[in-house]
>>> print(open('data_16.cif').read())   # mmCIF, C-alpha atoms and all ligand atoms
data_start
#
loop_
_atom_site.label_atom_id
_atom_site.label_comp_id
_atom_site.auth_asym_id
_atom_site.auth_seq_id
_atom_site.Cartn_x
_atom_site.Cartn_y
_atom_site.Cartn_z
CA MET A 1307 -113.41 77.75 90.13
CA ARG A 1308 -113.14 81.13 88.43
CA TYR A 1309 -112.93 84.30 90.53
CA GLU A 1310 -113.47 87.79 89.19
CA ARG A 1311 -113.32 91.05 91.12
CA ILE A 1312 -116.06 93.40 89.94
CA LYS A 1313 -117.37 96.86 90.83
CA ALA A 1314 -121.01 96.85 91.94
CA LYS A 1315 -123.20 99.77 90.90
CA SER A 1316 -125.78 99.16 93.62
CA LEU A 1317 -126.13 96.79 96.52
CA LEU A 1318 -129.22 97.03 98.69
CA SER A 1319 -132.52 95.56 97.55
CA LYS A 1320 -135.64 97.69 97.51
CA PRO A 1321 -137.23 97.97 100.97
CA ILE A 1322 -139.09 94.86 102.06
CA ALA A 1323 -142.18 95.51 104.15
CA ALA A 1324 -143.65 93.37 106.92
CA ASP A 1325 -141.65 90.26 106.04
CA GLY A 1326 -143.12 87.36 107.99
CA TRP A 1327 -140.33 84.91 107.08
CA PHE A 1328 -137.20 86.67 108.34
CA HIS A 1329 -138.32 90.11 109.53
CA ILE A 1330 -135.78 91.87 107.33
CA ASN A 1331 -136.20 95.21 105.54
CA ARG A 1332 -133.43 95.11 102.94
CA SER A 1333 -131.15 92.41 101.60
CA MET A 1334 -127.88 92.37 99.69
CA ASN A 1335 -125.31 90.05 98.13
CA ALA A 1336 -121.57 90.67 98.48
CA TYR A 1337 -120.91 88.02 95.82
CA ARG A 1338 -122.59 86.94 92.64
CA GLY A 1339 -122.27 83.19 92.27
CA CYS A 1340 -121.70 80.71 95.07
CA GLU A 1341 -119.09 78.03 95.37
CA HIS A 1342 -120.94 76.04 98.02
CA GLY A 1343 -122.30 74.22 94.99
CA CYS A 1344 -125.67 73.15 96.39
CA VAL A 1345 -127.31 70.76 93.98
CA TYR A 1346 -130.74 72.41 94.38
CA CYS A 1347 -129.43 76.00 94.22
CA ASP A 1348 -131.96 78.44 92.86
CA GLY A 1349 -129.14 80.69 91.63
CA MET A 1350 -128.56 78.27 88.73
CA SER A 1351 -131.94 79.15 87.28
CA GLU A 1352 -131.82 80.99 83.95
CA SER A 1353 -134.30 83.51 85.41
CA TYR A 1354 -131.36 85.24 87.21
CA HIS A 1355 -129.27 85.54 84.03
CA VAL A 1356 -126.05 84.55 85.82
CA ASP A 1357 -123.97 82.05 83.85
CA ASP A 1358 -121.97 79.36 85.67
CA PHE A 1359 -123.43 80.41 89.01
CA LEU A 1360 -121.68 77.66 90.96
CA THR A 1361 -118.26 77.98 89.34
CA HIS A 1362 -117.79 81.65 88.40
CA ILE A 1363 -117.67 83.85 91.50
CA ARG A 1364 -117.95 87.61 91.04
CA ILE A 1365 -116.54 89.41 94.06
CA LYS A 1366 -118.08 92.84 94.64
CA GLU A 1367 -114.88 94.50 95.82
CA ASN A 1368 -116.55 97.89 96.45
CA ALA A 1369 -119.58 96.46 98.30
CA ALA A 1370 -118.89 98.29 101.59
CA GLU A 1371 -118.33 101.57 99.77
CA VAL A 1372 -121.58 101.26 97.80
CA LEU A 1373 -123.44 100.27 100.96
CA ARG A 1374 -122.15 103.37 102.78
CA ARG A 1375 -123.29 105.57 99.90
CA GLU A 1376 -126.74 103.96 99.80
CA LEU A 1377 -127.28 104.17 103.55
CA LYS A 1378 -126.33 107.83 103.56
CA LYS A 1379 -128.63 108.50 100.63
CA ALA A 1380 -131.44 106.86 102.60
CA GLY A 1381 -130.79 109.36 105.40
CA PHE A 1382 -128.93 107.13 107.87
CA THR A 1383 -126.13 108.54 109.97
CA SER A 1384 -122.62 107.18 110.21
CA ARG A 1385 -121.47 107.21 113.83
CA ARG A 1386 -117.86 107.72 112.76
CA GLU A 1387 -118.64 110.71 110.55
CA LEU A 1388 -120.88 112.21 113.21
CA GLU A 1389 -118.09 111.97 115.76
CA THR A 1390 -115.60 113.57 113.36
CA GLU A 1391 -118.11 116.34 112.71
CA THR A 1392 -118.54 116.87 116.44
CA LEU A 1393 -114.81 117.21 116.81
CA TRP A 1394 -114.46 119.82 114.09
CA SER A 1395 -117.57 121.86 114.54
CA PHE A 1396 -117.65 121.76 118.36
CA LEU A 1397 -121.14 120.25 118.44
CA ASP A 1398 -121.94 119.30 121.99
CA GLU A 1399 -123.17 115.88 123.02
CA GLU A 1400 -126.80 116.99 122.90
CA ASP A 1401 -126.40 118.20 119.29
CA THR A 1402 -124.83 114.87 118.36
CA LYS A 1403 -127.71 112.98 119.94
CA ARG A 1404 -130.24 115.19 118.15
CA LEU A 1405 -128.57 114.54 114.82
CA ALA A 1406 -128.52 110.82 115.45
CA MET A 1407 -132.25 110.95 116.32
CA LYS A 1408 -132.95 112.58 112.96
CA SER A 1409 -131.90 109.36 111.24
CA PRO A 1410 -134.84 107.42 109.80
CA ARG A 1411 -136.20 104.33 111.51
CA LYS A 1412 -133.55 101.60 111.41
CA GLN A 1413 -133.86 98.76 108.93
CA VAL A 1414 -132.86 95.14 109.41
CA ILE A 1415 -130.29 94.35 106.72
CA GLY A 1416 -130.07 90.78 105.42
CA VAL A 1417 -126.31 90.60 104.94
CA CYS A 1418 -126.16 87.28 103.17
CA GLY A 1419 -128.44 84.54 102.14
CA GLY A 1420 -130.09 86.30 99.23
CA VAL A 1421 -128.80 84.43 96.23
CA SER A 1422 -125.12 83.80 97.16
CA ASP A 1423 -123.68 82.91 100.53
CA GLY A 1424 -121.66 85.80 102.01
CA TYR A 1425 -119.49 83.29 103.90
CA GLN A 1426 -118.59 81.07 100.95
CA PRO A 1427 -114.87 80.08 100.76
CA ALA A 1428 -113.87 83.20 98.74
CA GLU A 1429 -114.77 85.32 101.79
CA LYS A 1430 -111.77 83.90 103.67
CA GLU A 1431 -109.43 85.82 101.40
CA HIS A 1432 -111.51 88.77 100.19
CA GLU A 1433 -113.36 89.70 103.43
CA ILE A 1434 -116.11 91.57 101.62
CA THR A 1435 -118.81 90.49 104.07
CA ARG A 1436 -116.58 91.55 106.94
CA GLN A 1437 -116.19 95.03 105.42
CA VAL A 1438 -119.97 95.17 104.97
CA LEU A 1439 -120.46 94.33 108.66
CA GLU A 1440 -117.97 97.05 109.63
CA THR A 1441 -120.04 99.56 107.67
CA LEU A 1442 -123.28 98.36 109.22
CA LEU A 1443 -121.73 98.68 112.67
CA ASP A 1444 -120.75 102.25 111.85
CA PHE A 1445 -124.40 102.96 110.95
CA GLU A 1446 -125.62 100.93 113.94
CA MET A 1447 -127.94 98.89 111.75
CA PRO A 1448 -129.45 95.58 112.91
CA VAL A 1449 -128.24 92.66 110.83
CA PHE A 1450 -129.58 89.33 109.74
CA VAL A 1451 -127.10 86.69 108.57
CA LEU A 1452 -128.12 83.46 106.87
CA THR A 1453 -125.33 81.07 105.96
CA LYS A 1454 -124.23 77.51 105.44
CA SER A 1455 -120.71 78.20 106.64
CA ASP A 1456 -119.01 78.29 110.02
CA LEU A 1457 -116.70 80.98 108.64
CA VAL A 1458 -119.20 83.43 110.16
CA LEU A 1459 -117.49 82.73 113.51
CA ARG A 1460 -114.48 84.71 112.27
CA ASP A 1461 -116.67 87.85 112.51
CA ILE A 1462 -118.14 87.17 115.92
CA ASP A 1463 -116.30 90.22 117.31
CA LEU A 1464 -118.10 92.53 114.89
CA LEU A 1465 -121.43 90.80 115.30
CA LYS A 1466 -121.18 91.23 119.06
CA LYS A 1467 -120.54 94.94 118.67
CA ILE A 1468 -123.52 95.24 116.32
CA HIS A 1469 -125.62 93.32 118.84
CA GLU A 1470 -124.71 95.86 121.52
CA VAL A 1471 -125.94 98.86 119.50
CA ALA A 1472 -128.74 97.21 117.49
CA PHE A 1473 -128.94 93.43 117.12
CA ALA A 1474 -127.38 90.57 115.20
CA ASN A 1475 -129.50 87.58 114.25
CA VAL A 1476 -127.48 84.66 112.86
CA LEU A 1477 -129.24 81.78 111.14
CA PHE A 1478 -127.74 78.62 109.72
CA THR A 1479 -129.44 76.85 106.86
CA ILE A 1480 -129.55 73.17 107.82
CA THR A 1481 -131.77 70.73 105.97
CA LEU A 1482 -130.25 67.26 106.27
CA VAL A 1483 -129.24 65.86 109.62
CA ASP A 1484 -126.85 63.23 108.25
CA ASP A 1485 -123.49 64.72 107.23
CA LYS A 1486 -122.95 62.12 104.49
CA VAL A 1487 -126.27 62.81 102.75
CA GLN A 1488 -125.85 66.56 103.28
CA LYS A 1489 -122.43 66.48 101.56
CA ILE A 1490 -124.06 65.06 98.42
CA PHE A 1491 -126.43 68.03 98.17
CA GLU A 1492 -124.25 70.83 99.56
CA PRO A 1493 -120.73 69.64 98.63
CA ARG A 1494 -118.61 72.67 99.54
CA ALA A 1495 -120.56 74.12 102.47
CA SER A 1496 -119.70 73.36 106.13
CA THR A 1497 -121.12 70.02 107.24
CA THR A 1498 -124.35 69.83 109.20
CA SER A 1499 -122.44 69.07 112.43
CA GLU A 1500 -120.07 72.00 111.84
CA ARG A 1501 -123.04 74.32 111.39
CA TYR A 1502 -124.71 73.15 114.61
CA LYS A 1503 -121.40 73.63 116.43
CA ALA A 1504 -121.13 77.15 115.03
CA LEU A 1505 -124.71 77.92 116.04
CA LYS A 1506 -123.93 76.79 119.56
CA LYS A 1507 -121.04 79.27 119.71
CA VAL A 1508 -123.20 82.06 118.32
CA ARG A 1509 -125.80 81.44 121.00
CA LYS A 1510 -123.14 81.19 123.72
CA GLU A 1511 -122.12 84.72 122.76
CA ASP A 1512 -125.75 85.73 123.39
CA LEU A 1513 -126.42 86.71 119.80
CA PHE A 1514 -129.86 85.87 118.41
CA GLY A 1515 -129.85 82.74 116.31
CA GLY A 1516 -131.77 79.86 114.83
CA VAL A 1517 -132.07 77.35 112.03
CA MET A 1518 -133.54 77.77 108.60
CA ALA A 1519 -134.56 74.25 107.55
CA THR A 1520 -135.19 75.14 103.92
CA PRO A 1521 -135.29 73.66 101.35
CA ILE A 1522 -136.51 70.35 102.70
CA ILE A 1523 -136.16 67.92 99.77
CA PRO A 1524 -139.37 65.93 99.24
CA GLY A 1525 -138.93 62.20 99.72
CA LEU A 1526 -135.47 62.65 101.25
CA GLY A 1527 -135.49 65.43 103.83
CA ASP A 1528 -139.16 65.28 104.80
CA THR A 1529 -138.97 62.03 106.77
CA TYR A 1530 -139.97 62.20 110.42
CA GLU A 1531 -136.47 61.03 111.40
CA ASN A 1532 -134.67 63.75 109.46
CA MET A 1533 -136.98 66.57 110.49
CA SER A 1534 -137.18 65.63 114.16
CA GLY A 1535 -133.40 65.12 114.15
CA LEU A 1536 -132.95 68.66 112.81
CA ALA A 1537 -135.27 70.11 115.44
CA LYS A 1538 -133.64 68.22 118.34
CA GLU A 1539 -130.14 69.25 117.26
CA ALA A 1540 -131.33 72.85 116.87
CA LYS A 1541 -132.69 72.82 120.39
CA ARG A 1542 -129.47 71.28 121.71
CA ALA A 1543 -127.47 74.05 120.03
CA GLY A 1544 -129.61 76.69 121.74
CA ALA A 1545 -131.51 77.83 118.62
CA GLN A 1546 -134.41 80.15 119.30
CA PHE A 1547 -136.43 78.57 116.48
CA ILE A 1548 -136.35 76.35 113.43
CA LEU A 1549 -138.09 77.60 110.33
CA TRP A 1550 -139.33 75.07 107.77
CA GLY A 1551 -139.83 75.41 104.04
CA GLY A 1552 -140.14 73.26 100.93
CA MET A 1553 -138.06 73.13 97.77
CA THR A 1554 -138.70 74.95 94.50
CA LEU A 1555 -137.17 73.66 91.28
CA LYS A 1556 -137.35 75.74 88.14
CA SER A 1557 -137.24 74.07 84.76
CA GLY A 1558 -133.92 74.38 82.94
CA CYS A 1559 -130.46 74.21 84.44
CA GLN A 1560 -131.54 73.99 88.10
CA LYS A 1561 -133.96 71.11 87.59
CA MET A 1562 -131.67 69.24 85.23
CA HIS A 1563 -128.68 69.38 87.58
CA PHE A 1564 -130.74 68.37 90.61
CA LEU A 1565 -132.40 65.41 88.88
CA ASN A 1566 -129.07 64.22 87.47
CA VAL A 1567 -127.63 63.98 90.98
CA VAL A 1568 -130.76 62.20 92.24
CA ARG A 1569 -130.55 59.79 89.28
CA LYS A 1570 -126.97 58.86 90.24
CA ARG A 1571 -127.21 58.87 94.04
CA PHE A 1572 -130.86 58.15 94.88
CA PRO A 1573 -132.33 56.42 91.78
CA GLU A 1574 -135.19 55.03 93.87
CA LYS A 1575 -136.44 58.62 94.48
CA LEU A 1576 -136.20 59.78 90.87
CA GLU A 1577 -139.74 58.93 89.76
CA LEU A 1578 -141.27 60.59 92.82
CA LEU A 1579 -139.26 63.81 92.37
CA GLU A 1580 -139.82 63.97 88.61
CA GLY A 1581 -143.55 63.64 89.24
CA ILE A 1582 -143.59 66.35 91.92
CA TYR A 1583 -141.87 68.90 89.64
CA ARG A 1584 -143.32 67.73 86.29
CA LYS A 1585 -145.62 70.72 85.85
CA ASN A 1586 -142.73 73.20 85.53
CA HIS A 1587 -144.39 75.93 87.56
CA PRO A 1588 -142.80 79.32 86.62
CA TYR A 1589 -141.56 79.77 90.21
CA GLY A 1590 -140.58 76.11 90.53
CA HIS A 1591 -143.38 75.23 92.98
CA PRO A 1592 -144.02 71.52 93.44
CA ASP A 1593 -147.32 69.81 92.67
CA TYR A 1594 -148.59 69.98 96.25
CA ASN A 1595 -150.93 67.00 95.73
CA LYS A 1596 -147.95 64.78 94.97
CA LEU A 1597 -145.85 65.70 98.00
CA PRO A 1598 -145.40 62.77 100.41
CA VAL A 1599 -146.09 65.05 103.41
CA ASN A 1600 -147.05 68.60 104.25
CA ILE A 1601 -143.64 69.84 105.39
CA MET A 1602 -144.91 72.92 107.22
CA LEU A 1603 -147.48 70.93 109.17
CA ARG A 1604 -145.02 68.19 110.04
CA GLY A 1605 -142.55 70.88 111.13
CA TYR A 1606 -145.21 72.46 113.33
CA GLU A 1607 -145.97 69.13 114.98
CA ILE A 1608 -142.30 68.24 115.51
CA CYS A 1609 -141.52 71.65 117.00
CA LYS A 1610 -144.35 71.23 119.51
CA ASP A 1611 -143.01 67.79 120.49
CA VAL A 1612 -139.41 68.96 120.76
CA GLY A 1613 -140.29 72.24 122.46
CA ILE A 1614 -138.86 74.76 120.03
CA SER A 1615 -140.60 77.51 118.05
CA ASP A 1616 -141.34 76.95 114.36
CA ARG A 1617 -141.44 80.69 113.74
CA THR A 1618 -138.69 83.29 113.49
CA ILE A 1619 -138.79 85.87 116.25
CA ARG A 1620 -139.35 89.50 115.44
CA HIS A 1621 -136.71 91.38 117.40
CA ARG A 1622 -137.26 94.95 118.51
CA LEU A 1623 -135.53 97.64 116.47
CA PRO A 1624 -133.49 100.25 118.33
CA ASN A 1625 -135.86 102.90 119.74
CA GLU A 1626 -138.94 100.84 118.83
CA PRO A 1627 -141.52 100.51 121.62
CA GLU A 1628 -141.74 96.93 122.88
CA ALA A 1629 -145.55 96.99 122.55
CA ASN A 1630 -145.25 97.74 118.82
CA ASN A 1631 -142.77 94.91 118.34
CA GLN A 1632 -145.03 92.51 120.20
CA VAL A 1633 -148.11 93.38 118.14
CA LEU A 1634 -146.18 93.34 114.87
CA GLY A 1635 -144.71 89.90 115.66
CA ALA A 1636 -148.14 88.45 116.46
CA LEU A 1637 -149.80 89.98 113.38
CA LEU A 1638 -147.11 88.58 111.08
CA ASP A 1639 -147.47 85.25 112.83
CA ILE A 1640 -151.20 85.22 112.01
CA VAL A 1641 -150.50 86.10 108.36
CA PHE A 1642 -147.78 83.46 108.05
CA ARG A 1643 -149.76 80.65 109.66
CA GLN A 1644 -152.98 81.41 107.78
CA THR A 1645 -151.16 81.51 104.45
CA TYR A 1646 -148.47 78.85 104.68
CA LEU A 1647 -149.80 76.39 107.23
CA LEU A 1648 -153.56 76.58 106.79
CA GLY A 1649 -153.37 77.33 103.07
CA MET A 1650 -155.91 80.15 103.35
CA SER A 1651 -156.14 82.69 100.54
CA TRP A 1652 -153.93 85.77 100.71
CA ASN A 1653 -157.04 88.00 101.03
CA LYS A 1654 -158.08 86.44 104.32
CA SER A 1655 -155.11 87.89 106.12
CA THR A 1656 -155.25 91.32 104.44
CA PRO A 1657 -156.46 93.28 107.51
CA PHE A 1658 -153.66 91.82 109.66
CA ARG A 1659 -151.05 92.42 106.96
CA GLU A 1660 -152.17 95.99 106.34
CA LEU A 1661 -152.04 96.81 110.03
CA ALA A 1662 -148.57 95.23 110.26
CA LEU A 1663 -147.43 97.44 107.38
CA ARG A 1664 -148.76 100.53 109.12
CA ILE A 1665 -147.04 99.68 112.40
CA GLU A 1666 -143.80 98.83 110.65
CA LYS A 1667 -143.65 102.24 109.01
CA GLY A 1668 -143.09 103.59 112.52
CA ILE A 1669 -145.92 104.87 114.68
CA ASP A 1670 -146.24 106.04 118.30
CA ASP A 1671 -146.16 103.63 121.20
CA LEU A 1672 -149.32 101.49 120.98
CA ASN A 1673 -149.66 101.35 124.77
CA LYS A 1674 -149.54 105.12 124.95
CA MET A 1675 -152.21 105.43 122.25
CA ARG A 1676 -154.33 102.96 124.15
CA GLU A 1677 -154.01 104.95 127.35
CA GLU A 1678 -155.07 108.05 125.45
CA GLY A 1679 -158.15 106.14 124.28
CA ASP A 1680 -157.81 106.62 120.53
CA LEU A 1681 -156.13 103.38 119.42
CA ALA A 1682 -158.84 102.37 116.90
CA GLU A 1683 -159.05 105.81 115.23
CA ARG A 1684 -155.32 106.24 114.96
CA LEU A 1685 -154.77 102.73 113.64
CA MET A 1686 -157.87 103.01 111.43
CA ILE A 1687 -159.14 99.56 112.43
CA ASP A 1688 -162.57 98.09 113.21
CA SER A 1689 -163.65 96.84 116.63
CA GLN A 1690 -162.78 93.21 115.80
CA LEU A 1691 -159.18 94.02 114.96
CA LEU A 1692 -158.99 96.39 117.91
CA THR A 1693 -159.93 93.48 120.21
CA SER A 1694 -157.08 91.39 118.74
CA VAL A 1695 -154.57 94.23 119.20
CA GLU A 1696 -155.64 94.79 122.81
CA GLU A 1697 -155.45 91.07 123.55
CA ILE A 1698 -151.93 90.96 122.13
CA LEU A 1699 -150.93 93.98 124.20
CA ASP A 1700 -152.27 92.28 127.33
CA THR A 1701 -151.15 88.69 126.82
CA GLY A 1702 -148.85 88.49 123.79
CA SER A 1703 -151.45 86.45 121.90
CA CYS A 1704 -155.08 86.76 120.79
CA GLN A 1705 -158.14 84.65 120.10
CA VAL A 1706 -157.45 84.62 116.33
CA LEU A 1707 -153.99 83.18 116.92
CA ASP A 1708 -155.28 80.71 119.50
CA ASP A 1709 -157.94 79.51 117.03
CA ILE A 1710 -155.27 79.04 114.38
CA HIS A 1711 -153.32 76.80 116.78
CA ILE A 1712 -156.46 74.78 117.55
CA ARG A 1713 -157.05 74.24 113.82
CA LEU A 1714 -153.43 73.27 113.29
CA ASP A 1715 -153.57 70.76 116.15
CA GLU A 1716 -156.75 69.26 114.66
CA LEU A 1717 -155.09 68.96 111.25
CA VAL A 1718 -152.05 67.27 112.79
CA SER A 1719 -154.18 64.70 114.67
CA ARG A 1720 -156.29 64.05 111.54
CA ASN A 1721 -153.10 63.43 109.56
CA ASN A 1722 -151.82 61.03 112.20
CA ALA A 1723 -155.12 59.14 112.59
S1 LIG B 1801 -125.33 78.28 99.78
FE1 LIG B 1801 -127.17 79.08 98.85
S2 LIG B 1801 -126.47 80.37 97.19
FE2 LIG B 1801 -124.76 79.05 97.78
S3 LIG B 1801 -124.88 77.32 96.39
FE3 LIG B 1801 -125.97 76.81 98.26
S4 LIG B 1801 -128.11 77.34 97.84
FE4 LIG B 1801 -126.83 78.37 96.31
#
>>> encode(input="data_16.cif", output="structure tokens")
Amino acid sequence: MRYERIKAKSLLSKPIAADGWFHINRSMNAYRGCEHGCVYCDGMSESYHVDDFLTHIRIKENAAEVLRRELKKAGFTSRRELETETLWSFLDEEDTKRLAMKSPRKQVIGVCGGVSDGYQPAEKEHEITRQVLETLLDFEMPVFVLTKSDLVLRDIDLLKKIHEVAFANVLFTITLVDDKVQKIFEPRASTTSERYKALKKVRKEDLFGGVMATPIIPGLGDTYENMSGLAKEAKRAGAQFILWGGMTLKSGCQKMHFLNVVRKRFPEKLELLEGIYRKNHPYGHPDYNKLPVNIMLRGYEICKDVGISDRTIRHRLPNEPEANNQVLGALLDIVFRQTYLLGMSWNKSTPFRELALRIEKGIDDLNKMREEGDLAERLMIDSQLLTSVEEILDTGSCQVLDDIHIRLDELVSRNNA
């Protein structure tokens, strides 16, 4: 393994709007390269222009510093600096509060899990992710952590403090229930059982948390036994949800490495997997007609049986009205289910997505607008969409969402017939 300390010029991604997968607004990577060495890792793809992704780890030693600069540039306020200012300029508490209020709407920062795990072994010594969390705590930003390592438990103290002022949502990527099989595909990450144990601790501390069951490897991870095992263990560990997703495999280094391992360890699956990824889709998508099962639909069915949600929860941002969070969560749920579970075209969900984008930008309390009688005008929506919004405000769901569930249940029973 080769380690190199580097200076990053920038850190945060461009803002992400109305993200129905993780509900994050920005993401970042404290490292470039990842020593977890997952056989299917997307980071190996030539499209990222990072050589030796699994063996050459670039450590962004100034990550926290760059993050601080970028957050300030975006108009966010550092609690520590504000307090120092108060001390020197004799601002009273009200002034301090007013200044804090002037900060823009908070953003959920995806701390790791972009393309490099922030809790890979190098983090033990370098503590870059820890410094990043310290900075985010200072800015009172909500955080989203996605990892394959139980090293995240080292930072539980910081995560708890962040959870008190904003929130901390900790997800573990877990795709194979059997430790032995998992070790073949994710050789240097924590084992599946270690990750479930860590998740249990995270949930015991009352932090938000769940499982990201992605990528499910076709022909290996998509069996009923593996997927239901993952869901049951997630529930046992107190996960709030388990989110399913398939595997992409881009032609070149990523595909070659993956198929070589399959050839050696699971030769009986080689023909199936070669066939599924033969078309070399530019984003590595499989040939959906050749997949043994529809992973999303199977995941939906299993979650219903096990009694756990198959969707990430949208958590309320600090100072965000609960009604807005509720409507936003339901709208993004409609978009996600129509697109990824029912396979409907992107255009079908446009009205829901556009409204979600408008709400996410930060608008007044939807319940207040409703009371004032001008919800439709202010949201610029037609009567049909208004009905859905009002239903969500009253019950947390709406007819459109209920119909989606009916269609999904029908599809599941047709598949099982
Ligand atoms: S943990 Fe993620 S980034 Fe790291 S090797 Fe595995 S797939 Fe790649």
>>> residues_near_ligand(input="data_16.cif", ligand="ligand LIG 1801 (chain B)", cutoff="6 Å", atoms="only C-alpha atoms and all ligand atoms", output="MDAnalysis selection string")
chainID A and resid 1340:1344 1347 1349 1421:1423 1454
>>> atom_distance(input="data_16.cif", atom1="CA of Pro1524 (chain A)", atom2="CA of Val1599 (chain A)")
8.0 Å
>>> closest_residue(input="data_16.cif", among="A:Leu1536, A:Cys1418, A:Ala1323, A:Leu1603", to="Arg1338 (chain A)", atoms="all atoms listed in the file")
A:Cys1418
>>> residues_around(input="data_16.cif", residues="Lys1412 (chain A)", least_positions_apart="2", cutoff="9 Å", atoms="all atoms listed in the file", output="list in words")
Phe1382, Ser1409, Pro1410, Val1414, Glu1446, Met1447, Pro1448, Ala1472, Leu1623, Pro1624 and Asn1625 of chain A
>>> closest_atom_pairs(input="data_16.cif", of="region 1581-1686 of chain A", to="region 1701-1711 of chain A", cutoff="12 Å", atoms="only C-alpha atoms", output="CSV")
residue,atom,partner,partner_atom,distance
A:Leu1603,CA,A:His1711,CA,11.2
A:Tyr1606,CA,A:His1711,CA,9.8
A:Glu1607,CA,A:His1711,CA,10.8
A:Lys1610,CA,A:His1711,CA,10.9
A:Glu1628,CA,A:Gly1702,CA,11.1
A:Ala1629,CA,A:Gly1702,CA,9.2
A:Asn1630,CA,A:Gly1702,CA,11.1
A:Asn1631,CA,A:Gly1702,CA,10.4
A:Gln1632,CA,A:Gly1702,CA,6.6
A:Val1633,CA,A:Gly1702,CA,7.5
A:Leu1634,CA,A:Gly1702,CA,10.5
A:Gly1635,CA,A:Gly1702,CA,9.2
A:Ala1636,CA,A:Ser1703,CA,6.7
A:Leu1637,CA,A:Leu1707,CA,8.7
A:Leu1638,CA,A:Leu1707,CA,10.5
A:Asp1639,CA,A:Leu1707,CA,8.0
A:Ile1640,CA,A:Leu1707,CA,6.0
A:Val1641,CA,A:Leu1707,CA,9.7
A:Phe1642,CA,A:Ile1710,CA,10.8
A:Arg1643,CA,A:Ile1710,CA,7.4
A:Gln1644,CA,A:Ile1710,CA,7.4
A:Thr1645,CA,A:Ile1710,CA,11.0
A:Tyr1646,CA,A:Ile1710,CA,11.8
A:Leu1647,CA,A:Ile1710,CA,9.4
A:Leu1648,CA,A:Ile1710,CA,8.2
A:Gly1649,CA,A:Ile1710,CA,11.6
A:Met1650,CA,A:Ile1710,CA,11.1
A:Ser1655,CA,A:Val1706,CA,11.0
A:Phe1658,CA,A:Val1706,CA,10.5
>>> closest_residue(input="data_16.cif", among="A:Gly1339, A:Gly1326, A:Gly1552, A:Gly1679", to="Arg1311 (chain A)", atoms="only C-alpha atoms")
A:Gly1339
>>> residues_around(input="data_16.cif", residues="region 1555-1568 of chain A", least_positions_apart="5", cutoff="12 Å", atoms="all atoms listed in the file", output="mmCIF file with C-alpha atoms, in the coordinates of the input")
data_model
loop_
_atom_site.group_PDB
_atom_site.id
_atom_site.type_symbol
_atom_site.label_atom_id
_atom_site.label_comp_id
_atom_site.auth_asym_id
_atom_site.auth_seq_id
_atom_site.Cartn_x
_atom_site.Cartn_y
_atom_site.Cartn_z
ATOM 1 C CA GLY A 1343 -122.300 74.220 94.990
ATOM 2 C CA CYS A 1344 -125.670 73.150 96.390
ATOM 3 C CA VAL A 1345 -127.310 70.760 93.980
ATOM 4 C CA TYR A 1346 -130.740 72.410 94.380
ATOM 5 C CA CYS A 1347 -129.430 76.000 94.220
ATOM 6 C CA ASP A 1348 -131.960 78.440 92.860
ATOM 7 C CA GLY A 1349 -129.140 80.690 91.630
ATOM 8 C CA MET A 1350 -128.560 78.270 88.730
ATOM 9 C CA SER A 1351 -131.940 79.150 87.280
ATOM 10 C CA GLU A 1352 -131.820 80.990 83.950
ATOM 11 C CA SER A 1353 -134.300 83.510 85.410
ATOM 12 C CA TYR A 1354 -131.360 85.240 87.210
ATOM 13 C CA HIS A 1355 -129.270 85.540 84.030
ATOM 14 C CA VAL A 1356 -126.050 84.550 85.820
ATOM 15 C CA ASP A 1357 -123.970 82.050 83.850
ATOM 16 C CA ASP A 1358 -121.970 79.360 85.670
ATOM 17 C CA PHE A 1359 -123.430 80.410 89.010
ATOM 18 C CA LEU A 1360 -121.680 77.660 90.960
ATOM 19 C CA VAL A 1487 -126.270 62.810 102.750
ATOM 20 C CA ILE A 1490 -124.060 65.060 98.420
ATOM 21 C CA PHE A 1491 -126.430 68.030 98.170
ATOM 22 C CA GLU A 1492 -124.250 70.830 99.560
ATOM 23 C CA PRO A 1493 -120.730 69.640 98.630
ATOM 24 C CA PRO A 1521 -135.290 73.660 101.350
ATOM 25 C CA ILE A 1522 -136.510 70.350 102.700
ATOM 26 C CA ILE A 1523 -136.160 67.920 99.770
ATOM 27 C CA PRO A 1524 -139.370 65.930 99.240
ATOM 28 C CA GLY A 1525 -138.930 62.200 99.720
ATOM 29 C CA LEU A 1526 -135.470 62.650 101.250
ATOM 30 C CA PRO A 1573 -132.330 56.420 91.780
ATOM 31 C CA GLU A 1574 -135.190 55.030 93.870
ATOM 32 C CA LYS A 1575 -136.440 58.620 94.480
ATOM 33 C CA LEU A 1576 -136.200 59.780 90.870
ATOM 34 C CA GLU A 1577 -139.740 58.930 89.760
ATOM 35 C CA LEU A 1578 -141.270 60.590 92.820
ATOM 36 C CA LEU A 1579 -139.260 63.810 92.370
ATOM 37 C CA GLU A 1580 -139.820 63.970 88.610
ATOM 38 C CA GLY A 1581 -143.550 63.640 89.240
ATOM 39 C CA ILE A 1582 -143.590 66.350 91.920
ATOM 40 C CA TYR A 1583 -141.870 68.900 89.640
ATOM 41 C CA ARG A 1584 -143.320 67.730 86.290
ATOM 42 C CA LYS A 1585 -145.620 70.720 85.850
ATOM 43 C CA ASN A 1586 -142.730 73.200 85.530
ATOM 44 C CA HIS A 1587 -144.390 75.930 87.560
ATOM 45 C CA PRO A 1588 -142.800 79.320 86.620
ATOM 46 C CA TYR A 1589 -141.560 79.770 90.210
ATOM 47 C CA GLY A 1590 -140.580 76.110 90.530
ATOM 48 C CA HIS A 1591 -143.380 75.230 92.980
ATOM 49 C CA PRO A 1592 -144.020 71.520 93.440
ATOM 50 C CA ASP A 1593 -147.320 69.810 92.670
#
